[in-house]
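Let me begin by presenting the structure, written as structure tokens, before commenting on it.
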Amino acid sequence: MTLAVRVIPCLDVDAGRVVKGINFQDLRDAGDPVELAKVYDAEGADELTFLDISASHEGRSTTMEIVSATAEQVFIPLTVGGGVAAVADVDRLLRAGADKVAVNTAALHRPALVAEIADRFGNQVLVLSVDARRAAGTASGFEVTTHGGRKSAGIDAVEWAVRAAELGAGEILLNAMDADGTQDGFDLELVTAVRREVSIPVIASGGAGRVEHFPPAVEAGADAVLAATVFHFGTLRIGDVKHALTQAGHPVR
Amino acid sequence: MTAEGSAPKVAVLDYGSGNLRSAVRAVERAGAEVELTSDFDTCLAADGLLVPGVGAFAACMEGLRAVKGDRLIGRRLAGGRPVLGICVGMQILFGRGVEHGVETDGCDEWPGVVERLQAPVVPHMGWNTVEVPEGSTLFAGIEDERFYFVHSYGVREWELVTNNRTRAPLVTWAEHGGDRFVAAVENGPLTATQFHPEKSGDAGAALFRNWVASL
């Protein structure tokens, strides 16, 4: 009788197509997010996250169609993020078929957006995405970044997570920018620092490379683990990660 | 029971924003003919009525009342017509909800209060097991499966008193962080789940099939 640790694959979607390549054998179209979502679902993914990196308005409209197609065919929770700047964006995504919406930069520019979204739709739909990196001179040792981790937002990462939770965020997607892409493991100190201060669920993201990287993230306090590259390229399968978590004594679905 | 060979008609009550696509498709996959509508007569006439719900209790009750959903549920139940409430659609069936110290009246089909969960991590978000009572038809064949929950409030005490002349409802429980709350209720024509069957993969699909088969 314990909540299962969620294993979440993340797909970068540009104008309705999956950006990073993958090599699943049974996939008809590796660039089709709906096909890929079905594969992840069949492999036991507990949720899916689409990150819309489309630069154009047309691209975003196409992503909306993809969200709808996915919601009609895959019956696990779907989070969509990328470019969400207003309550109206959230409304459109939820109506299209998203269950949760990830907000990042827009909330940094205008924190009231978090409260506006939570008041209208409830805090369970709102995932605050935090791109954090190590920074000397901050209270927690971590700061929030923008522009894919290249620029400092000038705010302490843990303080921001606490404030967003108070404003109504339902969950924190914690992206460790130092660990991202290294495949050397999650930033456990970052997970620990945020877990200690917030009582909403925390998703650890960034740095996963091997199955043994996942249990320590849970032990550091993550309620869920998210990865993109290792799943896309088939380096790891969802089942491998769940097996490793089970072996370490963590409940999975 | 519907006529042999014809798919039961299920109305999904449309009374606010949120993702209703998954619910509509999931019930269709379970073998029903589904219509998403807020039309009172259509909802009253359907073989089954599904009442979804996300967000705040007070906002949901306001939306529900705006389409006379509370009367609709009462009318259906008076005629023994099945209703299935999901998530906040279950919560609004109880007596009242308390959010941030403010009380809001619910539909009061069952006594009880919807209040904040007392657990270290809230919302309760993710896949959890449930304690299913003997004789459940809703959970037939899926008693040991996990279902997807996402909520910060719940019914932590079941208050309906029954005696040996009335058949006690079947109450399914779940636990999170040391707190225990109602996960599902089967009470004659009135059925409800705190979790989201439409987001619970194959287990959720089986639950919908069980419900549609009972229509």
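Residue numbers start at 1 in each chain; chains themselves are named A, B, ... in the order of the structure tokens; ligands are numbered from 1 in the order shown.
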
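Once segment 207-213 of chain B and its same-chain neighbours fewer than 2 positions away are set aside, B:Val27, B:Ala30, B:Ala32, B:Thr137, B:Leu138, B:Phe139, B:Pro197, B:Ala203, B:Gly204, B:Ala205, B:Leu215 remain within 7 Å of it when counting only C-alpha atoms.
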
- Task: Could you please select, counting only C-alpha atoms, the residues of chain A within 9 Å of chain B and state them as a VMD selection string?
- Result: chain A and resid 1 to 6 41 46 to 47 68 71 to 78 91 93 to 99 118 to 125 170 to 171 198 to 201 223 to 224 252 to 253

- Task: Identify, on the basis of only C-alpha atoms, every residue whose closest approach to segment 231-238 of chain A does not exceed 12 Å; exclude the query and any residue fewer than 3 positions from it along the same chain; express the result as a ChimeraX atom specification.
- Result: /A:6-12,18-25,27,30-31,33,36-37,39-48,183,208-214,225-228,241-245,252-253

Can you spit out the residues from that selection as a short mmCIF file (atom, residue, chain, number, x, y, z; two decimals), in the first residue's frame, using N, CA and C atoms?
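Once everything was written out, this is again13.cif:
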data_model
loop_
_atom_site.label_atom_id
_atom_site.label_comp_id
_atom_site.auth_asym_id
_atom_site.auth_seq_id
_atom_site.Cartn_x
_atom_site.Cartn_y
_atom_site.Cartn_z
N ARG A 6 6.99 6.95 -9.95
CA ARG A 6 6.63 7.11 -11.37
C ARG A 6 7.86 7.22 -12.24
N VAL A 7 7.85 6.50 -13.34
CA VAL A 7 8.93 6.59 -14.33
C VAL A 7 8.34 7.27 -15.57
N ILE A 8 8.92 8.43 -15.90
CA ILE A 8 8.32 9.29 -16.92
C ILE A 8 9.28 9.56 -18.08
N PRO A 9 8.97 9.08 -19.28
CA PRO A 9 9.76 9.48 -20.43
C PRO A 9 9.31 10.84 -20.95
N CYS A 10 10.27 11.65 -21.38
CA CYS A 10 9.97 12.98 -21.89
C CYS A 10 10.31 13.04 -23.37
N LEU A 11 9.39 13.59 -24.15
CA LEU A 11 9.61 13.71 -25.59
C LEU A 11 9.69 15.18 -25.98
N ASP A 12 10.76 15.54 -26.68
CA ASP A 12 10.85 16.89 -27.22
C ASP A 12 10.12 16.89 -28.56
N VAL A 18 8.76 14.27 -33.10
CA VAL A 18 9.73 14.03 -32.04
C VAL A 18 11.12 14.40 -32.56
N VAL A 19 11.83 15.20 -31.79
CA VAL A 19 13.11 15.74 -32.27
C VAL A 19 14.23 14.71 -32.24
N LYS A 20 14.45 14.15 -31.07
CA LYS A 20 15.58 13.22 -30.95
C LYS A 20 15.24 11.86 -31.57
N GLY A 21 16.21 11.25 -32.21
CA GLY A 21 15.98 9.96 -32.86
C GLY A 21 15.82 8.85 -31.85
N ILE A 22 15.19 7.80 -32.28
CA ILE A 22 15.05 6.65 -31.41
C ILE A 22 15.22 5.40 -32.26
N ASN A 23 15.45 4.28 -31.62
CA ASN A 23 15.65 3.08 -32.43
C ASN A 23 14.84 1.88 -31.95
N PHE A 24 13.58 2.14 -31.68
CA PHE A 24 12.71 1.01 -31.35
C PHE A 24 12.41 0.25 -32.63
N GLN A 25 12.51 -1.04 -32.55
CA GLN A 25 12.33 -1.85 -33.76
C GLN A 25 10.87 -1.86 -34.22
N LEU A 27 8.58 0.26 -34.19
CA LEU A 27 7.97 1.55 -34.43
C LEU A 27 7.88 1.84 -35.93
N ALA A 30 9.28 6.65 -36.23
CA ALA A 30 10.00 7.03 -35.01
C ALA A 30 9.82 8.50 -34.66
N GLY A 31 9.36 9.30 -35.62
CA GLY A 31 9.20 10.72 -35.35
C GLY A 31 7.80 11.09 -34.92
N PRO A 33 5.02 11.36 -32.37
CA PRO A 33 4.87 11.32 -30.91
C PRO A 33 3.79 10.35 -30.45
N LEU A 36 5.19 6.85 -30.55
CA LEU A 36 6.17 6.69 -29.49
C LEU A 36 5.48 6.61 -28.12
N ALA A 37 4.42 7.43 -27.95
CA ALA A 37 3.65 7.41 -26.70
C ALA A 37 3.06 6.03 -26.47
N VAL A 39 4.23 3.18 -27.56
CA VAL A 39 5.29 2.25 -27.20
C VAL A 39 5.65 2.40 -25.72
N TYR A 40 5.82 3.65 -25.29
CA TYR A 40 6.16 3.90 -23.88
C TYR A 40 5.05 3.39 -22.96
N ASP A 41 3.81 3.59 -23.37
CA ASP A 41 2.67 3.11 -22.59
C ASP A 41 2.74 1.58 -22.46
N ALA A 42 2.98 0.92 -23.59
CA ALA A 42 3.05 -0.55 -23.60
C ALA A 42 4.22 -1.04 -22.74
N GLU A 43 5.28 -0.24 -22.65
CA GLU A 43 6.44 -0.64 -21.85
C GLU A 43 6.28 -0.35 -20.37
N GLY A 44 5.18 0.33 -20.02
CA GLY A 44 4.91 0.55 -18.60
C GLY A 44 5.21 1.95 -18.08
N ALA A 45 5.37 2.92 -18.99
CA ALA A 45 5.56 4.31 -18.54
C ALA A 45 4.37 4.71 -17.68
N ASP A 46 4.64 5.46 -16.60
CA ASP A 46 3.56 5.83 -15.67
C ASP A 46 2.91 7.15 -16.04
N GLU A 47 3.61 7.93 -16.81
CA GLU A 47 3.12 9.21 -17.32
C GLU A 47 3.94 9.52 -18.55
N LEU A 48 3.50 10.51 -19.31
CA LEU A 48 4.28 10.99 -20.44
C LEU A 48 4.40 12.50 -20.32
N GLN A 183 24.79 12.00 -18.44
CA GLN A 183 24.52 10.59 -18.18
C GLN A 183 25.36 10.05 -17.03
N ALA A 208 20.34 11.07 -16.06
CA ALA A 208 20.18 9.61 -16.05
C ALA A 208 20.96 8.97 -17.19
N GLY A 209 21.74 7.96 -16.86
CA GLY A 209 22.52 7.27 -17.88
C GLY A 209 22.45 5.76 -17.74
N ARG A 210 22.36 5.30 -16.49
CA ARG A 210 22.30 3.86 -16.22
C ARG A 210 21.19 3.56 -15.22
N VAL A 211 20.76 2.31 -15.19
CA VAL A 211 19.64 1.97 -14.30
C VAL A 211 19.97 2.26 -12.84
N GLU A 212 21.23 2.09 -12.47
CA GLU A 212 21.57 2.29 -11.06
C GLU A 212 21.53 3.76 -10.64
N HIS A 213 21.33 4.66 -11.59
CA HIS A 213 21.19 6.07 -11.23
C HIS A 213 19.81 6.39 -10.64
N PHE A 214 18.83 5.53 -10.92
CA PHE A 214 17.46 5.87 -10.54
C PHE A 214 17.14 5.70 -9.04
N VAL A 225 10.79 9.97 -11.49
CA VAL A 225 12.04 10.18 -12.22
C VAL A 225 11.73 10.34 -13.70
N LEU A 226 12.38 11.31 -14.32
CA LEU A 226 12.12 11.62 -15.72
C LEU A 226 13.42 11.54 -16.51
N ALA A 227 13.32 10.99 -17.71
CA ALA A 227 14.49 10.95 -18.58
C ALA A 227 14.04 11.04 -20.03
N ALA A 228 14.91 11.54 -20.86
CA ALA A 228 14.57 11.67 -22.28
C ALA A 228 15.50 10.81 -23.13
N VAL A 241 14.45 0.17 -15.81
CA VAL A 241 14.47 1.14 -14.72
C VAL A 241 13.57 0.66 -13.57
N LYS A 242 12.41 0.14 -13.94
CA LYS A 242 11.48 -0.34 -12.90
C LYS A 242 12.06 -1.54 -12.16
N HIS A 243 12.74 -2.38 -12.90
CA HIS A 243 13.36 -3.54 -12.28
C HIS A 243 14.41 -3.09 -11.25
N ALA A 244 15.22 -2.10 -11.65
CA ALA A 244 16.26 -1.59 -10.74
C ALA A 244 15.63 -0.97 -9.49
N LEU A 245 14.53 -0.25 -9.68
CA LEU A 245 13.84 0.37 -8.54
C LEU A 245 13.29 -0.70 -7.61
N VAL A 252 6.98 -0.04 -7.61
CA VAL A 252 6.66 0.46 -8.95
C VAL A 252 5.36 -0.20 -9.40
N ARG A 253 4.79 0.36 -10.45
CA ARG A 253 3.57 -0.21 -11.01
C ARG A 253 3.94 -1.44 -11.84
#

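Using only C-alpha atoms, the smallest distance between any of A:Val103, A:Val127, A:Ala135, A:Val191 and Gly149 of chain A comes from A:Ala135.
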
Quick check for you: according to DSSP on this backbone, which residues of segment 13-44 of chain B are classed as helix (DSSP H, G or I)? Reply as a PDB file with N, CA and C atoms, in the first residue's frame.
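Printed below is selection-v6.pdb as written:
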ATOM      1  N   ARG B  21     -11.590  14.515 -23.153  1.00  0.00           N
ATOM      2  CA  ARG B  21     -11.362  13.625 -24.284  1.00  0.00           C
ATOM      3  C   ARG B  21     -11.048  12.196 -23.854  1.00  0.00           C
ATOM      4  N   SER B  22     -10.139  12.090 -22.883  1.00  0.00           N
ATOM      5  CA  SER B  22      -9.707  10.759 -22.456  1.00  0.00           C
ATOM      6  C   SER B  22     -10.879   9.984 -21.867  1.00  0.00           C
ATOM      7  N   ALA B  23     -11.720  10.674 -21.072  1.00  0.00           N
ATOM      8  CA  ALA B  23     -12.870  10.002 -20.461  1.00  0.00           C
ATOM      9  C   ALA B  23     -13.834   9.509 -21.543  1.00  0.00           C
ATOM     10  N   VAL B  24     -14.119  10.368 -22.519  1.00  0.00           N
ATOM     11  CA  VAL B  24     -15.042   9.992 -23.590  1.00  0.00           C
ATOM     12  C   VAL B  24     -14.512   8.781 -24.358  1.00  0.00           C
ATOM     13  N   ARG B  25     -13.240   8.845 -24.746  1.00  0.00           N
ATOM     14  CA  ARG B  25     -12.656   7.744 -25.523  1.00  0.00           C
ATOM     15  C   ARG B  25     -12.562   6.454 -24.707  1.00  0.00           C
ATOM     16  N   ALA B  26     -12.229   6.600 -23.428  1.00  0.00           N
ATOM     17  CA  ALA B  26     -12.070   5.406 -22.588  1.00  0.00           C
ATOM     18  C   ALA B  26     -13.410   4.683 -22.415  1.00  0.00           C
ATOM     19  N   VAL B  27     -14.495   5.431 -22.274  1.00  0.00           N
ATOM     20  CA  VAL B  27     -15.810   4.792 -22.101  1.00  0.00           C
ATOM     21  C   VAL B  27     -16.281   4.211 -23.443  1.00  0.00           C
ATOM     22  N   GLU B  28     -15.933   4.888 -24.534  1.00  0.00           N
ATOM     23  CA  GLU B  28     -16.244   4.325 -25.864  1.00  0.00           C
ATOM     24  C   GLU B  28     -15.547   2.980 -26.051  1.00  0.00           C
ATOM     25  N   ARG B  29     -14.278   2.942 -25.638  1.00  0.00           N
ATOM     26  CA  ARG B  29     -13.516   1.688 -25.771  1.00  0.00           C
ATOM     27  C   ARG B  29     -14.125   0.579 -24.926  1.00  0.00           C
ATOM     28  N   PHE B  40     -29.735  18.626 -20.189  1.00  0.00           N
ATOM     29  CA  PHE B  40     -30.379  17.946 -19.062  1.00  0.00           C
ATOM     30  C   PHE B  40     -31.130  16.682 -19.511  1.00  0.00           C
ATOM     31  N   ASP B  41     -31.956  16.824 -20.539  1.00  0.00           N
ATOM     32  CA  ASP B  41     -32.789  15.687 -20.958  1.00  0.00           C
ATOM     33  C   ASP B  41     -31.971  14.543 -21.543  1.00  0.00           C
ATOM     34  N   THR B  42     -30.929  14.911 -22.301  1.00  0.00           N
ATOM     35  CA  THR B  42     -30.053  13.875 -22.869  1.00  0.00           C
ATOM     36  C   THR B  42     -29.375  13.101 -21.736  1.00  0.00           C
ATOM     37  N   CYS B  43     -28.886  13.845 -20.745  1.00  0.00           N
ATOM     38  CA  CYS B  43     -28.204  13.222 -19.604  1.00  0.00           C
ATOM     39  C   CYS B  43     -29.175  12.374 -18.776  1.00  0.00           C
ATOM     40  N   LEU B  44     -30.413  12.837 -18.676  1.00  0.00           N
ATOM     41  CA  LEU B  44     -31.413  12.106 -17.899  1.00  0.00           C
ATOM     42  C   LEU B  44     -31.788  10.793 -18.592  1.00  0.00           C
TER      43      LEU B  44
END

- Message: I'd like the interatomic distance between atom CA of Phe186 of chain A and atom CA of Val130 of chain A, to a tenth of an Å.
- Response: 14.5 Å

- Message: Neighbouring residues of segment 217-222 of chain A were defined as those with any atom within 9 Å, considering only C-alpha atoms; residues of the same chain fewer than 4 positions away were excluded. Please report them as a PyMOL selection string.
- Response: chain A and resi 5+185-196+201-204+213+245+250

- Residue list (strand (DSSP E or B), DSSP) for chain B, as a PyMOL selection string: chain B and resi 9-13+33-37+48-51+83-86+94-99+102-105+110-116+124-128+131+147-151+153-155+170-176+179-187+190-193
